file coords-v7.txt (compact mmCIF, C-alpha atoms and all ligand atoms)
# COMPACT_ATOMS: atom_id res chain seq x y z
CA MET A 1 -22.93 18.20 3.80
CA SER A 2 -20.54 19.70 6.31
CA ARG A 3 -17.50 17.57 7.00
CA PRO A 4 -15.44 17.42 10.18
CA SER A 5 -12.44 18.64 8.27
CA SER A 6 -11.04 18.11 4.83
CA SER A 7 -7.60 18.76 6.26
CA GLU A 8 -6.07 15.47 7.32
CA SER A 9 -3.72 17.00 9.88
CA VAL A 10 -6.43 18.96 11.66
CA TYR A 11 -8.62 15.92 11.60
CA ASP A 12 -5.91 13.66 12.99
CA HIS A 13 -4.98 16.14 15.67
CA HIS A 14 -8.58 16.35 16.81
CA ARG A 15 -8.94 12.60 16.75
CA ARG A 16 -5.70 12.03 18.67
CA GLY A 17 -7.05 14.28 21.40
CA GLN A 18 -10.20 12.21 21.66
CA TRP A 19 -8.12 9.04 21.73
CA ALA A 20 -5.95 10.38 24.52
CA ARG A 21 -9.02 11.40 26.54
CA GLY A 22 -10.45 7.92 26.16
CA GLU A 23 -13.44 9.10 24.14
CA ALA A 24 -12.81 6.74 21.28
CA ARG A 25 -13.60 3.10 21.00
CA ALA A 26 -10.79 0.71 20.19
CA HIS A 27 -13.27 -1.47 18.37
CA GLY A 28 -13.03 -5.02 19.58
CA VAL A 29 -9.64 -4.84 21.24
CA ALA A 30 -9.44 -3.11 24.60
CA ARG A 31 -7.02 -0.23 24.37
CA ARG A 32 -5.07 -1.38 27.42
CA ASP A 33 -4.45 -4.74 25.70
CA LEU A 34 -3.07 -2.93 22.71
CA MET A 35 -0.87 -0.84 24.95
CA LYS A 36 0.39 -3.91 26.81
CA LEU A 37 1.07 -5.60 23.54
CA ALA A 38 2.91 -2.61 22.23
CA ALA A 39 4.98 -2.39 25.40
CA ALA A 40 5.84 -6.08 25.28
CA ALA A 41 6.91 -5.74 21.70
CA GLY A 42 8.67 -2.41 22.23
CA THR A 43 5.93 -0.84 20.08
CA ALA A 44 7.13 -2.95 17.21
CA LEU A 45 4.66 -5.76 16.74
CA PRO A 46 6.18 -8.75 14.97
CA LEU A 47 3.16 -8.87 12.70
CA ALA A 48 4.94 -9.84 9.56
CA ALA A 49 7.11 -12.83 8.89
CA THR A 50 10.57 -12.47 7.43
CA ALA A 51 11.65 -13.88 4.10
CA SER A 52 11.18 -17.61 3.70
CA PRO A 53 14.32 -19.69 3.43
CA PRO A 54 15.06 -20.77 -0.16
CA SER A 55 14.07 -24.36 0.68
CA ALA A 56 10.52 -23.18 1.41
CA ALA A 57 10.28 -21.34 -1.91
CA ALA A 58 7.65 -23.59 -3.50
CA ALA A 59 4.57 -21.80 -2.15
CA ALA A 60 3.83 -18.98 0.23
CA ALA A 61 1.29 -20.15 2.76
CA GLY A 62 -2.22 -19.26 1.80
CA ILE A 63 -1.78 -17.57 -1.60
CA VAL A 64 -3.88 -19.04 -4.40
CA LYS A 65 -2.11 -17.95 -7.58
CA PRO A 66 1.13 -19.52 -8.83
CA LEU A 67 4.27 -17.80 -7.52
CA PRO A 68 7.09 -18.70 -9.92
CA PRO A 69 10.49 -17.54 -8.65
CA GLU A 70 11.14 -15.40 -11.73
CA LEU A 71 8.08 -13.29 -10.84
CA PHE A 72 8.01 -13.27 -7.04
CA THR A 73 10.15 -13.33 -3.92
CA LEU A 74 8.28 -15.14 -1.13
CA ARG A 75 8.15 -13.48 2.27
CA GLY A 76 6.11 -15.50 4.75
CA THR A 77 2.41 -15.12 3.90
CA ASN A 78 3.34 -12.49 1.31
CA ALA A 79 4.78 -12.45 -2.20
CA GLU A 80 6.89 -9.54 -3.49
CA THR A 81 6.91 -8.62 -7.18
CA ARG A 82 10.39 -8.87 -8.73
CA PHE A 83 11.00 -5.58 -10.57
CA PRO A 84 12.92 -7.23 -13.44
CA ALA A 85 9.66 -9.10 -14.20
CA LEU A 86 7.94 -5.76 -14.96
CA ARG A 87 10.33 -4.86 -17.77
CA GLY A 88 8.39 -4.77 -21.03
CA THR A 89 5.00 -4.94 -19.32
CA GLY A 90 2.58 -2.02 -19.65
CA HIS A 91 1.51 0.70 -17.27
CA HIS A 92 -0.71 -1.68 -15.30
CA THR A 93 0.79 -4.58 -13.37
CA PRO A 94 -0.42 -7.87 -14.84
CA ALA A 95 -2.37 -9.90 -12.26
CA ASP A 96 0.11 -12.79 -12.52
CA ARG A 97 2.87 -10.60 -11.10
CA PHE A 98 0.96 -8.25 -8.75
CA PHE A 99 2.40 -8.45 -5.19
CA VAL A 100 0.31 -10.07 -2.45
CA ARG A 101 0.24 -8.89 1.14
CA ASN A 102 -1.87 -11.17 3.35
CA HIS A 103 -2.07 -10.90 7.11
CA THR A 104 -3.33 -14.49 7.16
CA THR A 105 -4.49 -16.43 4.09
CA THR A 106 -6.58 -15.79 0.99
CA PRO A 107 -10.20 -16.79 1.77
CA ARG A 108 -12.32 -18.45 -0.91
CA ILE A 109 -15.62 -16.59 -1.18
CA GLU A 110 -18.48 -17.23 -3.62
CA ALA A 111 -19.97 -14.12 -5.19
CA ARG A 112 -23.49 -15.50 -4.69
CA ASP A 113 -22.95 -15.90 -0.92
CA TRP A 114 -21.32 -12.51 -0.50
CA ARG A 115 -23.02 -9.58 1.25
CA LEU A 116 -21.78 -6.12 2.09
CA THR A 117 -23.34 -4.60 5.22
CA VAL A 118 -23.08 -0.86 5.83
CA TRP A 119 -24.08 0.03 9.38
CA GLY A 120 -23.48 2.37 12.32
CA GLY A 121 -24.41 5.55 14.17
CA GLY A 122 -23.39 7.79 11.31
CA LEU A 123 -26.32 6.61 9.19
CA SER A 124 -29.85 7.99 9.22
CA ALA A 125 -31.37 4.52 9.01
CA GLY A 126 -30.69 0.89 9.76
CA PRO A 127 -28.05 -1.18 8.01
CA LEU A 128 -27.91 -1.44 4.23
CA THR A 129 -27.11 -4.87 2.85
CA LEU A 130 -25.97 -5.24 -0.74
CA THR A 131 -25.49 -8.39 -2.78
CA TYR A 132 -22.86 -8.76 -5.49
CA ASP A 133 -25.54 -8.29 -8.16
CA HIS A 134 -26.83 -5.15 -6.43
CA LEU A 135 -23.37 -3.68 -6.39
CA ARG A 136 -22.71 -4.53 -10.04
CA ALA A 137 -25.98 -2.89 -11.01
CA LEU A 138 -24.93 0.49 -9.54
CA PRO A 139 -23.19 3.09 -11.75
CA ALA A 140 -19.59 1.98 -12.35
CA ARG A 141 -16.37 3.97 -12.30
CA THR A 142 -12.92 3.01 -13.52
CA LEU A 143 -9.67 4.38 -12.15
CA THR A 144 -5.96 3.61 -12.25
CA ALA A 145 -4.24 3.50 -8.87
CA PHE A 146 -1.35 1.81 -7.17
CA ILE A 147 -1.68 -0.35 -4.12
CA GLU A 148 1.57 -0.05 -2.17
CA CYS A 149 2.40 -1.46 1.24
CA ALA A 150 3.42 1.15 3.84
CA GLY A 151 6.45 -1.06 4.45
CA ASN A 152 7.59 -1.16 0.83
CA GLY A 153 11.37 -0.60 0.75
CA ARG A 154 11.65 -1.48 4.46
CA GLY A 155 14.58 -3.83 3.86
CA PHE A 156 16.75 -0.85 2.87
CA TYR A 157 16.50 0.66 6.35
CA THR A 158 18.67 -2.30 7.31
CA THR A 159 20.76 -3.07 4.20
CA GLN A 160 21.41 0.54 3.17
CA GLN A 161 21.06 2.49 6.43
CA GLY A 162 22.20 -0.14 8.97
CA GLN A 163 19.05 0.25 11.10
CA ASP A 164 16.95 -2.37 12.87
CA VAL A 165 13.28 -2.29 12.01
CA SER A 166 10.47 -4.80 12.52
CA GLY A 167 8.28 -6.21 9.78
CA THR A 168 8.59 -7.83 6.37
CA ALA A 169 11.91 -6.93 4.74
CA TRP A 170 10.46 -5.90 1.38
CA THR A 171 12.78 -4.45 -1.24
CA LEU A 172 10.84 -2.22 -3.68
CA GLY A 173 8.32 -4.71 -5.06
CA ALA A 174 5.43 -4.31 -2.60
CA ILE A 175 3.60 -2.18 -5.16
CA GLY A 176 1.34 -2.81 -8.13
CA VAL A 177 -0.73 -0.53 -10.35
CA GLY A 178 -4.21 -1.76 -11.25
CA ARG A 179 -7.01 -0.52 -13.41
CA TRP A 180 -9.89 -0.84 -10.98
CA ARG A 181 -13.57 -0.87 -11.86
CA GLY A 182 -16.34 -0.71 -9.32
CA VAL A 183 -18.66 1.62 -7.45
CA ARG A 184 -17.64 4.80 -5.69
CA LEU A 185 -17.69 4.27 -1.93
CA ALA A 186 -19.38 7.69 -1.74
CA ASP A 187 -22.33 6.39 -3.77
CA VAL A 188 -22.84 3.42 -1.45
CA LEU A 189 -22.48 5.57 1.67
CA LYS A 190 -25.11 7.97 0.31
CA LEU A 191 -27.37 5.06 -0.53
CA ALA A 192 -26.96 3.89 3.07
CA GLY A 193 -27.99 7.33 4.37
CA ILE A 194 -24.73 8.78 5.67
CA THR A 195 -25.37 11.87 7.81
CA ARG A 196 -23.30 14.92 8.65
CA ARG A 197 -22.55 13.34 12.02
CA ALA A 198 -20.39 10.69 10.37
CA VAL A 199 -16.69 10.97 11.25
CA ASP A 200 -14.99 7.72 10.27
CA VAL A 201 -15.85 4.69 8.21
CA MET A 202 -14.31 1.32 9.07
CA PRO A 203 -14.13 -1.25 6.28
CA ARG A 204 -13.47 -4.80 7.51
CA GLY A 205 -12.24 -7.89 5.67
CA LEU A 206 -13.71 -11.39 5.68
CA ASP A 207 -10.33 -13.12 6.02
CA ASP A 208 -9.35 -14.81 9.29
CA GLU A 209 -8.76 -12.94 12.51
CA VAL A 210 -5.17 -11.84 13.00
CA VAL A 211 -3.47 -13.25 16.08
CA VAL A 212 -0.23 -11.62 17.25
CA ALA A 213 1.70 -12.89 20.24
CA GLY A 214 -1.41 -14.72 21.47
CA VAL A 215 -3.67 -11.64 21.21
CA ASP A 216 -6.54 -11.79 18.76
CA LEU A 217 -6.64 -8.43 17.00
CA GLY A 218 -9.79 -9.37 15.12
CA ARG A 219 -10.30 -9.02 11.41
CA VAL A 220 -8.27 -6.63 9.29
CA ARG A 221 -9.95 -3.22 9.51
CA ARG A 222 -8.74 0.34 9.46
CA PRO A 223 -10.70 3.54 9.93
CA LEU A 224 -10.88 5.88 6.97
CA PRO A 225 -11.77 9.54 7.52
CA VAL A 226 -15.10 10.40 5.95
CA ALA A 227 -13.45 13.12 3.83
CA LYS A 228 -11.31 10.53 2.00
CA ALA A 229 -14.12 7.97 1.91
CA LEU A 230 -16.34 10.45 0.06
CA ASP A 231 -13.56 11.68 -2.19
CA ASP A 232 -12.08 8.95 -4.41
CA ALA A 233 -12.33 5.56 -2.65
CA LEU A 234 -13.72 2.78 -4.85
CA LEU A 235 -15.46 -0.53 -4.07
CA ALA A 236 -13.67 -2.50 -6.78
CA TYR A 237 -14.89 -5.75 -8.32
CA GLU A 238 -12.58 -5.74 -11.37
CA MET A 239 -8.83 -5.43 -11.77
CA ASN A 240 -7.33 -4.86 -15.24
CA GLY A 241 -10.60 -5.73 -16.96
CA GLU A 242 -11.09 -9.10 -15.22
CA GLU A 243 -13.01 -10.00 -12.10
CA LEU A 244 -10.83 -9.52 -9.02
CA PRO A 245 -8.47 -12.47 -8.47
CA PRO A 246 -8.96 -14.29 -5.12
CA ASP A 247 -5.64 -13.03 -3.73
CA HIS A 248 -6.52 -9.42 -4.45
CA GLY A 249 -9.87 -9.38 -2.68
CA PHE A 250 -12.54 -11.26 -4.65
CA PRO A 251 -15.42 -10.51 -4.75
CA VAL A 252 -14.96 -6.88 -3.66
CA ARG A 253 -12.11 -4.82 -2.24
CA LEU A 254 -11.69 -1.20 -1.32
CA VAL A 255 -9.21 0.87 -3.33
CA VAL A 256 -8.01 4.04 -1.59
CA PRO A 257 -5.90 5.90 -4.16
CA GLY A 258 -2.53 7.23 -3.02
CA TRP A 259 -2.83 5.95 0.53
CA ILE A 260 -0.89 3.13 2.19
CA GLY A 261 -1.94 -0.36 1.08
CA VAL A 262 -3.61 -1.42 4.32
CA SER A 263 -6.34 1.19 3.69
CA SER A 264 -7.43 -0.83 0.68
CA VAL A 265 -9.18 -3.60 2.58
CA LYS A 266 -9.62 -6.83 0.59
CA TRP A 267 -12.53 -9.30 0.79
CA LEU A 268 -14.74 -6.56 2.14
CA GLY A 269 -17.57 -7.78 4.40
CA ASP A 270 -18.89 -4.73 6.22
CA ILE A 271 -18.35 -1.04 6.68
CA GLU A 272 -19.14 0.73 9.93
CA VAL A 273 -20.07 4.39 9.53
CA ALA A 274 -19.46 5.96 12.93
CA ASP A 275 -20.30 9.30 14.53
CA VAL A 276 -17.25 8.99 16.80
CA PRO A 277 -13.62 8.51 15.79
CA LEU A 278 -12.75 4.84 15.40
CA TYR A 279 -9.58 2.99 16.25
CA SER A 280 -8.21 -0.42 15.40
CA PRO A 281 -4.73 -1.90 15.82
CA TRP A 282 -4.12 -0.84 12.20
CA ASN A 283 -4.25 2.87 13.05
CA THR A 284 -2.92 2.83 16.62
CA ASP A 285 0.06 0.52 17.17
CA LEU A 286 0.57 -0.25 13.51
CA TYR A 287 0.86 2.17 10.61
CA ARG A 288 2.04 5.15 12.61
CA LEU A 289 5.64 6.31 13.00
CA PHE A 290 7.31 5.42 16.29
CA GLY A 291 10.81 6.07 17.60
CA PRO A 292 13.13 9.02 18.21
CA GLY A 293 11.71 12.22 16.75
CA HIS A 294 8.13 10.97 16.84
CA PRO A 295 5.48 11.68 19.51
CA GLU A 296 5.14 9.23 22.40
CA GLY A 297 1.97 7.60 21.08
CA GLY A 298 3.32 7.62 17.56
CA SER A 299 2.67 9.99 14.68
CA ALA A 300 -0.79 10.57 13.27
CA PRO A 301 -2.08 7.48 11.42
CA LEU A 302 -0.27 7.16 8.10
CA THR A 303 -2.19 8.16 5.02
CA ARG A 304 -0.39 9.07 1.79
CA GLN A 305 2.46 7.11 0.32
CA THR A 306 5.92 8.58 -0.27
CA LEU A 307 8.07 8.93 -3.36
CA LYS A 308 10.12 6.03 -4.72
CA SER A 309 12.01 4.84 -7.80
CA ALA A 310 13.07 1.36 -8.89
CA PHE A 311 15.09 -0.10 -11.75
CA GLU A 312 13.59 -3.01 -13.68
CA LEU A 313 16.89 -4.81 -13.32
CA GLU A 314 18.24 -7.79 -11.40
CA TRP A 315 19.90 -6.91 -8.12
CA ALA A 316 23.69 -7.23 -8.73
CA ALA A 317 23.10 -7.60 -12.48
CA THR A 318 26.04 -8.15 -14.82
CA LEU A 319 26.21 -5.72 -17.76
CA PRO A 320 28.60 -5.82 -20.74
CA ALA A 321 31.20 -3.02 -21.07
CA ARG A 322 31.18 -0.81 -24.19
CA ARG A 323 27.74 -2.05 -25.26
CA PRO A 324 24.57 0.05 -25.13
CA THR A 325 22.28 -0.92 -22.27
CA LEU A 326 18.83 0.57 -21.86
CA LEU A 327 18.16 1.16 -18.18
CA THR A 328 14.44 1.12 -17.43
CA GLY A 329 12.39 1.61 -14.29
CA ARG A 330 9.41 3.21 -12.62
CA SER A 331 8.87 6.08 -10.17
CA TRP A 332 5.78 6.96 -8.14
CA SER A 333 4.47 9.28 -5.44
CA GLY A 334 1.38 9.18 -3.24
CA ALA A 335 1.11 12.96 -3.16
CA ALA A 336 1.25 14.22 -6.75
CA PRO A 337 2.23 13.27 -10.30
CA VAL A 338 5.94 12.50 -10.76
CA ARG A 339 7.55 15.42 -12.57
CA THR A 340 11.11 14.35 -13.29
CA VAL A 341 13.31 11.29 -12.90
CA GLU A 342 17.09 11.46 -12.87
CA VAL A 343 19.53 8.58 -13.14
CA SER A 344 23.15 8.27 -12.02
CA THR A 345 25.44 5.47 -13.19
CA ASP A 346 28.44 6.53 -11.11
CA GLY A 347 27.16 6.20 -7.57
CA GLY A 348 25.55 9.63 -7.45
CA ALA A 349 28.32 11.96 -8.72
CA ARG A 350 26.58 12.93 -11.95
CA TRP A 351 22.89 12.82 -12.84
CA ARG A 352 20.92 13.02 -16.07
CA ARG A 353 17.26 13.13 -16.96
CA ALA A 354 15.52 9.88 -17.82
CA ALA A 355 12.90 9.87 -20.60
CA LEU A 356 9.38 9.44 -19.23
CA HIS A 357 7.08 6.99 -21.01
CA ASP A 358 3.77 7.75 -19.30
CA SER A 359 2.02 11.03 -18.78
CA PRO A 360 2.46 11.50 -15.05
CA ARG A 361 -0.70 11.26 -12.98
CA ARG A 362 -1.46 11.25 -9.32
CA GLY A 363 -1.80 7.86 -7.68
CA SER A 364 0.12 6.00 -10.36
CA TRP A 365 3.69 5.55 -11.57
CA VAL A 366 5.65 6.62 -14.62
CA ARG A 367 7.79 4.27 -16.64
CA TRP A 368 11.15 5.73 -17.67
CA SER A 369 14.36 4.82 -19.47
CA ALA A 370 17.93 6.05 -19.77
CA PRO A 371 20.48 4.65 -22.26
CA TRP A 372 23.91 3.80 -20.85
CA ILE A 373 27.16 2.53 -22.35
CA PRO A 374 29.24 1.33 -19.42
CA THR A 375 32.90 1.94 -20.10
CA ARG A 376 34.96 0.74 -17.15
CA PRO A 377 34.67 -2.94 -16.08
CA GLY A 378 34.09 -3.47 -12.38
CA PRO A 379 31.42 -2.75 -9.78
CA ALA A 380 29.12 0.25 -10.20
CA GLU A 381 26.10 1.69 -8.43
CA LEU A 382 23.00 2.82 -10.29
CA LEU A 383 20.72 5.40 -8.66
CA ALA A 384 17.36 6.79 -9.72
CA ARG A 385 15.58 9.67 -8.02
CA ALA A 386 12.26 11.29 -8.73
CA ALA A 387 10.67 14.64 -7.97
CA ASP A 388 6.91 15.10 -7.86
CA ALA A 389 4.73 18.06 -8.72
CA THR A 390 4.69 19.23 -5.09
CA GLY A 391 8.48 19.67 -5.38
CA ARG A 392 9.16 16.71 -3.15
CA THR A 393 12.35 14.76 -3.98
CA GLN A 394 13.92 11.56 -2.72
CA PRO A 395 16.44 12.08 0.08
CA GLU A 396 19.72 10.21 0.52
CA THR A 397 18.49 8.78 3.82
CA ALA A 398 14.95 7.91 4.86
CA ALA A 399 13.76 9.08 8.29
CA TYR A 400 14.03 6.20 10.76
CA ASN A 401 10.98 4.73 12.45
CA THR A 402 10.88 1.49 14.42
CA GLN A 403 8.51 -0.29 12.04
CA GLY A 404 10.30 0.82 8.89
CA TYR A 405 7.38 2.53 7.16
CA LEU A 406 7.45 5.08 4.33
CA PHE A 407 10.96 4.45 3.03
CA ASP A 408 11.68 7.10 0.40
CA ALA A 409 15.46 7.31 0.04
CA VAL A 410 17.32 6.82 -3.24
CA VAL A 411 18.24 3.14 -3.49
CA ARG A 412 21.80 2.27 -4.51
CA HIS A 413 21.45 -0.57 -7.02
CA PRO A 414 24.67 -2.54 -7.46
CA VAL A 415 25.79 -3.92 -10.85
CA THR A 416 28.97 -5.39 -12.22
CA VAL A 417 30.32 -4.30 -15.61
CA VAL A 418 32.29 -7.03 -17.39
N1 LIG B 1 -8.81 -8.08 4.40
C1 LIG B 1 -7.55 -7.74 4.20
N2 LIG B 1 -7.28 -6.63 3.50
C2 LIG B 1 -5.99 -6.26 3.28
C3 LIG B 1 -4.92 -7.00 3.81
C4 LIG B 1 -5.22 -8.20 4.52
O1 LIG B 1 -4.35 -8.95 4.98
N3 LIG B 1 -6.55 -8.52 4.70
N4 LIG B 1 -3.64 -6.54 3.64
C5 LIG B 1 -3.50 -5.09 3.41
C6 LIG B 1 -2.18 -4.67 3.09
S1 LIG B 1 -1.12 -4.47 4.40
C7 LIG B 1 -1.81 -4.34 1.80
S2 LIG B 1 -0.28 -3.69 1.50
C8 LIG B 1 -2.72 -4.55 0.66
C9 LIG B 1 -2.10 -5.48 -0.37
O2 LIG B 1 -2.96 -5.68 -1.47
P1 LIG B 1 -2.67 -6.84 -2.51
O3 LIG B 1 -2.41 -8.11 -1.76
O4 LIG B 1 -3.85 -6.91 -3.41
O5 LIG B 1 -1.43 -6.44 -3.30
O6 LIG B 1 -3.96 -5.10 1.06
C10 LIG B 1 -4.45 -4.63 2.30
N5 LIG B 1 -5.78 -5.15 2.52
MO MO B 2 0.70 -3.32 3.68
call {"tool": "encode", "arguments": {"input": "coords-v7.txt", "output": "structure tokens"}}
result
Amino acid sequence: MSRPSSSESVYDHHRRGQWARGEARAHGVARRDLMKLAAAAGTALPLAATASPPSAAAAAAGIVKPLPPELFTLRGTNAETRFPALRGTGHHTPADRFFVRNHTTTPRIEARDWRLTVWGGGLSAGPLTLTYDHLRALPARTLTAFIECAGNGRGFYTTQQGQDVSGTAWTLGAIGVGRWRGVRLADVLKLAGITRRAVDVMPRGLDDEVVVAGVDLGRVRRPLPVAKALDDALLAYEMNGEELPPDHGFPVRLVVPGWIGVSSVKWLGDIEVADVPLYSPWNTDLYRLFGPGHPEGGSAPLTRQTLKSAFELEWAATLPARRPTLLTGRSWSGAAPVRTVEVSTDGGARWRRAALHDSPRRGSWVRWSAPWIPTRPGPAELLARAADATGRTQPETAAYNTQGYLFDAVVRHPVTVV
């Protein structure tokens, strides 16, 4: 089959042109409404709530699983994994501590009532409807991949770089690595009769419509270029060997390895396969880079995740002087396997290699450790920085954008030695 382009940048450039010429459909929301909305909000839609006050810490609205404070920090409708809670856990994030990012609330869906409809002008025939049993009867694949919010680390634009950004002020815990089992999206698209005219597929969730500033944006949905859809995207019905938990998309979610979390649509209900480029608020006003240094209408829609590192250590932890401490953490990149991780215990003056405890692979993280015997009592700053196999490293400062996406700078983690 010939594909529009396997190169994302060429593809996005082409699609931006069509968007600008008004050839694309904004899918449910009139483009002028989106533009008005963006203007009213200064292109920074207040889509995400900020952290809940401590008094509201009992439950995040709309999440089903328990959210004990030692495992999660609650942020509005979302729950952030606390990195110290990953220490001693394996490569995969246990379901009880996997972060949750909900635009609204977790819907309760029965597998026996669930249907997936694949439809649109990019198919050779009418819609294909699959039941849960149909899907489970198709050949299964298993893969390990992280789901990471595009806004992971956003809080550091403000706390470390002194910049104002809109959106949930995550620290580094809006990521989890799952072992996903399901059916290749490519197999289902072929079953549905995808043709060479197909350009974009648009998976859509069954959770409630998202209303921002009085405008109904419709259900969560984000176009995925056909090239990626046919490459490694998975329709997952299991996470870590169990059926998907309700908060993570039961009965079926999409997993798009290496790409920003919003691509991995949960509670999947239908997939449009279109022969024209598709748009939704999630690839026009949201999930692009806006601000100085970026094009007027924003960058191309965001795809791959950046490079990050985190210590599995309390923020502002207290560590004993002259006693061996084992510093542990994780590093990950959306582009390529992590190659090296370096740690500094003196605010960035000297660096040494951390030992890696996973064989690095694309789309996942590596666990690492570095022994340290703090000598001088007082405050210190711990830093960890990774390099991936493309040669990419973590900068000192992340490039500003109004919505605080794709933070990749080295985080300065404060501790006190006593
Ligand atoms: N249907 C639906 N899919 C969704 C979302 C949502 O709110 N609704 N949130 C997206 C975002 S922004 C992220 S980061 C990931 C989070 O996945 P998780 O909650 O399983 O960690 O799901 C994505 N898929
Ligand atoms: Mo996200």
call {"tool": "residues_around", "arguments": {"input": "coords-v7.txt", "residues": "range 158-161 of chain A", "least_positions_apart": "3", "cutoff": "8 Å", "atoms": "all atoms listed in the file", "output": "number ranges by chain"}}
result
A: 154-155, 164-165, 397, 411-412
call {"tool": "closest_atom_pairs", "arguments": {"input": "coords-v7.txt", "of": "chain A", "to": "ligand LIG 1 (chain B)", "cutoff": "8 Å", "atoms": "only C-alpha atoms and all ligand atoms", "output": "CSV"}}
result
residue,atom,partner,partner_atom,distance
A:Asn78,CA,B:LIG1,O3,7.9
A:Phe98,CA,B:LIG1,O5,6.2
A:Phe99,CA,B:LIG1,O5,4.7
A:Val100,CA,B:LIG1,O3,3.4
A:Arg101,CA,B:LIG1,O3,4.0
A:Asn102,CA,B:LIG1,O1,3.7
A:His103,CA,B:LIG1,O1,3.7
A:Thr104,CA,B:LIG1,O1,6.0
A:Thr105,CA,B:LIG1,O1,7.5
A:Ile147,CA,B:LIG1,O2,6.1
A:Glu148,CA,B:LIG1,S2,5.5
A:Cys149,CA,B:LIG1,S2,3.5
A:Ala150,CA,B:LIG1,S2,6.5
A:Gly151,CA,B:LIG1,S2,7.8
A:Ala174,CA,B:LIG1,S2,7.1
A:Ile175,CA,B:LIG1,O5,6.8
A:Gly176,CA,B:LIG1,O5,6.6
A:Arg204,CA,B:LIG1,N1,6.5
A:Gly205,CA,B:LIG1,N1,3.7
A:Leu206,CA,B:LIG1,N1,6.1
A:Asp207,CA,B:LIG1,N1,5.5
A:Arg219,CA,B:LIG1,N1,7.2
A:Val220,CA,B:LIG1,N1,5.1
A:Arg221,CA,B:LIG1,N1,7.1
A:Asp247,CA,B:LIG1,O3,6.2
A:His248,CA,B:LIG1,O4,3.8
A:Gly249,CA,B:LIG1,O4,6.5
A:Arg253,CA,B:LIG1,N2,7.7
A:Ile260,CA,B:LIG1,S2,6.9
A:Gly261,CA,B:LIG1,S2,3.7
A:Val262,CA,B:LIG1,C6,3.8
A:Ser263,CA,B:LIG1,C10,6.3
A:Ser264,CA,B:LIG1,N5,5.0
A:Val265,CA,B:LIG1,N2,3.7
A:Lys266,CA,B:LIG1,N2,3.7
A:Trp267,CA,B:LIG1,N1,5.3
A:Leu268,CA,B:LIG1,N1,6.5
call {"tool": "closest_residue", "arguments": {"input": "coords-v7.txt", "among": "A:Ile63, A:Leu286, A:Leu234, A:Leu319", "to": "ligand MO 2 (chain B)", "atoms": "only C-alpha atoms and all ligand atoms"}}
result
A:Leu286
call {"tool": "residues_around", "arguments": {"input": "coords-v7.txt", "residues": "range 83-86 of chain A", "least_positions_apart": "5", "cutoff": "10 Å", "atoms": "all atoms listed in the file", "output": "JSON, numbers by chain"}}
result
{"A": [70, 71, 72, 91, 92, 93, 94, 97, 98, 171, 172, 173, 174, 175, 176, 310, 311, 312, 313, 314, 315, 328, 329, 330]}
call {"tool": "residues_around", "arguments": {"input": "coords-v7.txt", "residues": "Pro379 in chain A", "least_positions_apart": "2", "cutoff": "8 Å", "atoms": "only C-alpha atoms", "output": "mmCIF file with C-alpha atoms, in the frame of the given file"}}
result
data_model
loop_
_atom_site.group_PDB
_atom_site.id
_atom_site.type_symbol
_atom_site.label_atom_id
_atom_site.label_comp_id
_atom_site.auth_asym_id
_atom_site.auth_seq_id
_atom_site.Cartn_x
_atom_site.Cartn_y
_atom_site.Cartn_z
ATOM 1 C CA PRO A 377 34.670 -2.940 -16.080
ATOM 2 C CA GLU A 381 26.100 1.690 -8.430
ATOM 3 C CA PRO A 414 24.670 -2.540 -7.460
ATOM 4 C CA VAL A 415 25.790 -3.920 -10.850
ATOM 5 C CA THR A 416 28.970 -5.390 -12.220
ATOM 6 C CA VAL A 417 30.320 -4.300 -15.610
#
call {"tool": "closest_residue", "arguments": {"input": "coords-v7.txt", "among": "A:Gly291, A:Gly348, A:Pro107, A:Pro251", "to": "Leu235 in chain A", "atoms": "only C-alpha atoms"}}
result
A:Pro251
call {"tool": "closest_residue", "arguments": {"input": "coords-v7.txt", "among": "A:Thr284, A:Pro337, A:Thr144, A:Arg87", "to": "Ser369 in chain A", "atoms": "only C-alpha atoms"}}
result
A:Arg87
call {"tool": "atom_distance", "arguments": {"input": "coords-v7.txt", "atom1": "CA of Thr131 in chain A", "atom2": "CA of Ala111 in chain A"}}
result
8.3 Å
call {"tool": "residues_around", "arguments": {"input": "coords-v7.txt", "residues": "range 190-202 of chain A", "least_positions_apart": "2", "cutoff": "7 Å", "atoms": "only C-alpha atoms", "output": "short mmCIF file (atom, residue, chain, number, x, y, z; two decimals) with C-alpha atoms, keeping the file's coordinate frame"}}
result
data_model
loop_
_atom_site.label_atom_id
_atom_site.label_comp_id
_atom_site.auth_asym_id
_atom_site.auth_seq_id
_atom_site.Cartn_x
_atom_site.Cartn_y
_atom_site.Cartn_z
CA MET A 1 -22.93 18.20 3.80
CA SER A 2 -20.54 19.70 6.31
CA ARG A 3 -17.50 17.57 7.00
CA PRO A 4 -15.44 17.42 10.18
CA VAL A 118 -23.08 -0.86 5.83
CA GLY A 122 -23.39 7.79 11.31
CA LEU A 123 -26.32 6.61 9.19
CA SER A 124 -29.85 7.99 9.22
CA ALA A 125 -31.37 4.52 9.01
CA LEU A 128 -27.91 -1.44 4.23
CA ALA A 186 -19.38 7.69 -1.74
CA ASP A 187 -22.33 6.39 -3.77
CA VAL A 188 -22.84 3.42 -1.45
CA ARG A 204 -13.47 -4.80 7.51
CA ARG A 221 -9.95 -3.22 9.51
CA ARG A 222 -8.74 0.34 9.46
CA PRO A 223 -10.70 3.54 9.93
CA LEU A 224 -10.88 5.88 6.97
CA PRO A 225 -11.77 9.54 7.52
CA VAL A 226 -15.10 10.40 5.95
CA ILE A 271 -18.35 -1.04 6.68
CA GLU A 272 -19.14 0.73 9.93
CA VAL A 273 -20.07 4.39 9.53
CA ALA A 274 -19.46 5.96 12.93
CA ASP A 275 -20.30 9.30 14.53
CA VAL A 276 -17.25 8.99 16.80
CA PRO A 277 -13.62 8.51 15.79
CA LEU A 278 -12.75 4.84 15.40
#
